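> Sending over a structure as structure tokens; questions will come in a sec.
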Amino acid sequence: MEAESQVTESKRIGPVAAVARWAAGRRDLLWTLVGLLILIVSLVALSAVLREIRIDDISRAITAIPGERWLVAALLTVLSFACLIVFDVAALRIVERRVPPGLIARGAATSYAVSNTLGLPLLTGGAVRLYFYTRAGLNEADVARVVTLASLAFLLGVFAVFLLLLPLLPSGIALGPVALPDALRFGAPALLIAGLIAYGLWTARRPRTLAALGLSLPLPGPGLTAAQLAAASLDLALAAGVVFVLAPSLALDAFPQLLAAYVLALAVAVITHAPGGFGVFETMVFLLLPEMPKTDLAAALIGYRLIYFLLPFALALLYLAVLEGERLRDRAAPMMRAGSNIARSIAPLTMAAAVFSAGALMILTGALPFVPERVAALTKFLPSVLLDLSHIASSIIGTILMFTAWGLYRRLDVAWLVSVVLLSAGAFLALLRGFDYVEAAVLATVALLLLWTHPAFYRQSALTGERPGGGWLLAIAAVIAGSIFIGFFSYKSVEYQDALWWQIRPGANAPRFLRASLAVAVVAILLALRRLARPARPALAHALSKETWDAALNATTIAEAHLARTGDKFFLVAEAGDAFLMYRVRGRSFIALGSPIGPAERWGELVWKFRELADRHGGRTVFYRCGAEMLPHAVDLGLGIMKLGEEARVPLADFSLEGKPRSKLRHAVSRAEREGVTFRVVEGAELGPLMDELRSVSDEWLAAKRQREKQFSLGRFDPAYLKGGPVALAEKDGHVLAFANLWTLPSREELSFDLMRNRTEMPNGTMDALFARLMLWAKEQGYAHVSLGVAPLSGIESRRLAPIWARLAGSVFRHGERLYGYAGLRRYKEKFLPEWRGRYLAAPRGLAMAMALTDVTMLVSAPPVVRWRRPIRGLRWEQMRTLRRMRRKLQPR
């Protein structure tokens, strides 16, 4: 039926919508392919542009750059980063957060050094800023606002500077193949200035806020906007100045055209999301500046990469690794117990970037010719074949390092071990293949930093079970494509012959490059295909022992423990074996249902055990529908709290049908008796003959409500599940009108029920009478309370100063009757005069909480697909019934 409905739905939505839906489900893969296509096109175009240039010419141009120009370029880089710091200063003023100036400078400069090279500024730059700014009391949402505001300011600056430069260009000037008409040169800046004036007037009247994707973003006023535009303009001019001073042949009057081309190339590189704009930026600069000397421009762009990107990036990684290593090693023992502080460590990101860069270095240097003097010195002691083998091995190790870097980002201990071993081997091979002591020193430094930050890599998981994201695969592809491009560019004067593949001699650089490139490509393809396969699922226990079930049920006061019998959950068991926690995994969320079941002294152990399990597998820790008694533990775990609703519990000590407050219940019972409706509780052997009729009632109820069986937080109609406890029946003339299966406890602290199903045709008030008689029966059996379940969104304060989610929930509760009947459900339960107790969701704060809530909703609403026939090992339902009767006899009245 489900397959037929999917086919019908596909026919209904049409082929275009079906393709769109397919593409949406594979968005990450498609973006990776698009980015790879752009990269390949850029490298092909760059190869065409550089067809007349030899690598020896570029090498001579680089060595010809005077030393004082390198110093000026370094100074311009420092000043450019100082301008970038202004973006964070302005953003922090906009969000009204006070951070010490020194901390802003260190955090902003370090984050830009990392994000400029790695790309994805919201992820990489945001993680670095979070590391620094949380020391000043900022939370994740504040840092997200700062990153977003700074990124928007920079993009606006790029757009504004490009348009404002157009009037400064000579008349009839062309950027690349496109000639700029005078109407565009003067009209676009005029429109920009008019737009900025309108924006300034709009924001000057009163503060403005933009809300999107669950994040409220205050907009800057005219003063801060002008400061950000000024900082962006100066930053872009200084960054372009680095290229300008490293190209001695460029005259001063060429700077405006260079600046315009630089800004436009930077914008295109940012849009493509290529790591550091590699390949795309250079291609655009060459295409936009066709009249400039290509050899000098190529040398200047290489120097720009070294001074503006790689040097700050290396210094930032070194600084972060040393800082984080000290922090981790000083606090390793308590953090290993707590887990949450290590999870916030910046070391996984920085060391993943360092290891990725080390792998890229090994591949890229393998595409360049060796220094002849060093090769000649080595071949006096070593055979040529060893030189070639070390070259291929270095390239393969570099490829593997780029993949293991993802495992470091995921904090895997095996990735740490593999990376340390490969880096050490790579440092040795760098000396062996050409006595490249600089590369060997870099690799050894990264290995030492990995050793220094060892406590941050603690997750015990299979490296092959982690699937890297599309951006990571694109970065790997960019490095490999770049190395192949550099190699073919370096050896384009060598005539290709089949014999090149087999030449082994000291000066055979081109054959070594060909063999290494083939090995790199094969290894990368195999690893990518392996990683793109479905990631390994963690081994999770889905059954309890009879001893654990008995001990936990005897100690708990939570009747919801019986949801362990539905067979659709995993379990964590306390070391003593007398308590457990039930949960499921949806997406990246590890979702525990309620509080642990068992003695209260075991709760701390179980919640931390659950927290560590989720963290080992890179998941979110979520507690769904837990009571107030769980909140201290959630706070200890560092989780945020969201109220979901309230549970109605009827105290039975003074419960009766007498008196005015319960007159409606009394009348419902009387009316049911007059209609001939009877009430009884049956279990065990008595349920067998009734099962077909109960199924009929259940199917009729599901059809009338247009619902399907749910899972996780509710049971489902299943004979084995129903036979595990008593069932309350409302009957007429020997036929079942309604039923509710009961959850009982040996402690008799609480009685509750799960399935409440009835026929569409039955006397009015039958369900009221069933519940009233059930409460009287529970009181006779010695129970203290009857739980009527949760009223969703009930009791959530939606005041003006309440959180956005609380105000939204309050509005849905008041006006959402057509969606669910929230207020009506609370009014129905109010007639039993219950006590109301809050039920909560505990999950990581910020956007992660919204994602966790989505996972919970999908899990609860989805039809049950996971089911294990015997969730409690060694305990059949008949044994459970016998044990319950024995406990009931032994229980004092």
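Please note that chains go A, B, ... in the order of the structure tokens, that every chain numbers its residues from 1, and that ligands are numbered from 1 in the order shown.
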Neighbours of Val143 in chain A within 8 Å (only C-alpha atoms; same-chain residues fewer than 3 positions away dropped), as a list in words?

Gly126, Arg129, Leu130, Tyr133, Leu138, Asn139, Glu140, Val146 and Val147 of chain A

> Mind dumping the selected residues with N, CA and C atoms as an mmCIF file, in the first residue's frame?


```cif
data_model
loop_
_atom_site.group_PDB
_atom_site.id
_atom_site.type_symbol
_atom_site.label_atom_id
_atom_site.label_comp_id
_atom_site.auth_asym_id
_atom_site.auth_seq_id
_atom_site.Cartn_x
_atom_site.Cartn_y
_atom_site.Cartn_z
ATOM 1 N N GLY A 126 33.351 30.811 12.454
ATOM 2 C CA GLY A 126 32.436 30.793 13.598
ATOM 3 C C GLY A 126 32.954 29.936 14.731
ATOM 4 N N ARG A 129 35.771 31.898 16.488
ATOM 5 C CA ARG A 129 35.222 32.991 17.296
ATOM 6 C C ARG A 129 34.521 32.447 18.534
ATOM 7 N N LEU A 130 33.818 31.349 18.390
ATOM 8 C CA LEU A 130 33.142 30.760 19.547
ATOM 9 C C LEU A 130 34.161 30.396 20.622
ATOM 10 N N TYR A 133 35.227 34.051 22.037
ATOM 11 C CA TYR A 133 34.220 34.960 22.581
ATOM 12 C C TYR A 133 33.404 34.361 23.717
ATOM 13 N N LEU A 138 29.668 35.306 25.729
ATOM 14 C CA LEU A 138 28.765 35.178 24.589
ATOM 15 C C LEU A 138 28.347 33.725 24.414
ATOM 16 N N ASN A 139 27.125 33.514 23.937
ATOM 17 C CA ASN A 139 26.656 32.169 23.656
ATOM 18 C C ASN A 139 26.687 31.901 22.155
ATOM 19 N N GLU A 140 26.220 30.718 21.762
ATOM 20 C CA GLU A 140 26.278 30.324 20.353
ATOM 21 C C GLU A 140 25.473 31.265 19.462
ATOM 22 N N VAL A 146 27.281 37.586 15.255
ATOM 23 C CA VAL A 146 28.514 38.308 14.944
ATOM 24 C C VAL A 146 29.082 37.843 13.613
ATOM 25 N N VAL A 147 29.154 36.527 13.410
ATOM 26 C CA VAL A 147 29.696 35.990 12.165
ATOM 27 C C VAL A 147 28.847 36.428 10.975
#
```

> Each residue of range 616-667 of chain A lying at most 10 Å from range 745-766 of chain A should get a row with its shortest atom-to-atom pair and the distance in Å to one decimal, counting only C-alpha atoms; could you produce that, ordered by chain and increasing number, as CSV?


```
residue,atom,partner,partner_atom,distance
A:Arg649,CA,A:Glu750,CA,8.8
A:Val650,CA,A:Glu750,CA,9.5
A:Pro651,CA,A:Glu750,CA,9.3
A:Leu652,CA,A:Glu750,CA,9.7
A:Lys664,CA,A:Gly765,CA,9.5
A:Leu665,CA,A:Gly765,CA,8.7
A:His667,CA,A:Gly765,CA,8.8
```

> Rounded to one decimal, what separation in Å do you get between CA of Ala299 in chain A and CA of Leu258 in chain A?

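The value is 14.9 Å.
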
> A:Ala247, A:Leu401, A:Tyr262, A:Ala90: which is nearest Ala226 in chain A, counting only C-alpha atoms?

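Of the candidates, the smallest distance to Ala226 in chain A is held by A:Ala90.
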
> Select, from A:Gly715, A:Pro167, A:Gly676, A:Gly684, the residue with the minimum atom-to-atom distance to Lys569 in chain A, counting only C-alpha atoms.

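Closest candidate: A:Gly715.
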
> Using CA of Val677 in chain A and CA of Arg773 in chain A as the two end points, give the distance in Å to one decimal.

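That distance, rounded to one decimal, is 11.5 Å.
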
> Go through range 692-753 of chain A and collect every residue that DSSP, computed from the backbone, puts in alpha helix (DSSP H); the answer should be as number ranges by chain.

A: 692-705, 719-722

> Give me the residues within 8 Å of Val420 in chain A as a list in words, counting only C-alpha atoms and dropping any in the same chain fewer than 4 places off.

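Close residues of Val420 in chain A: Trp416, Ser424, Ala447, Leu450 and Leu451 of chain A.
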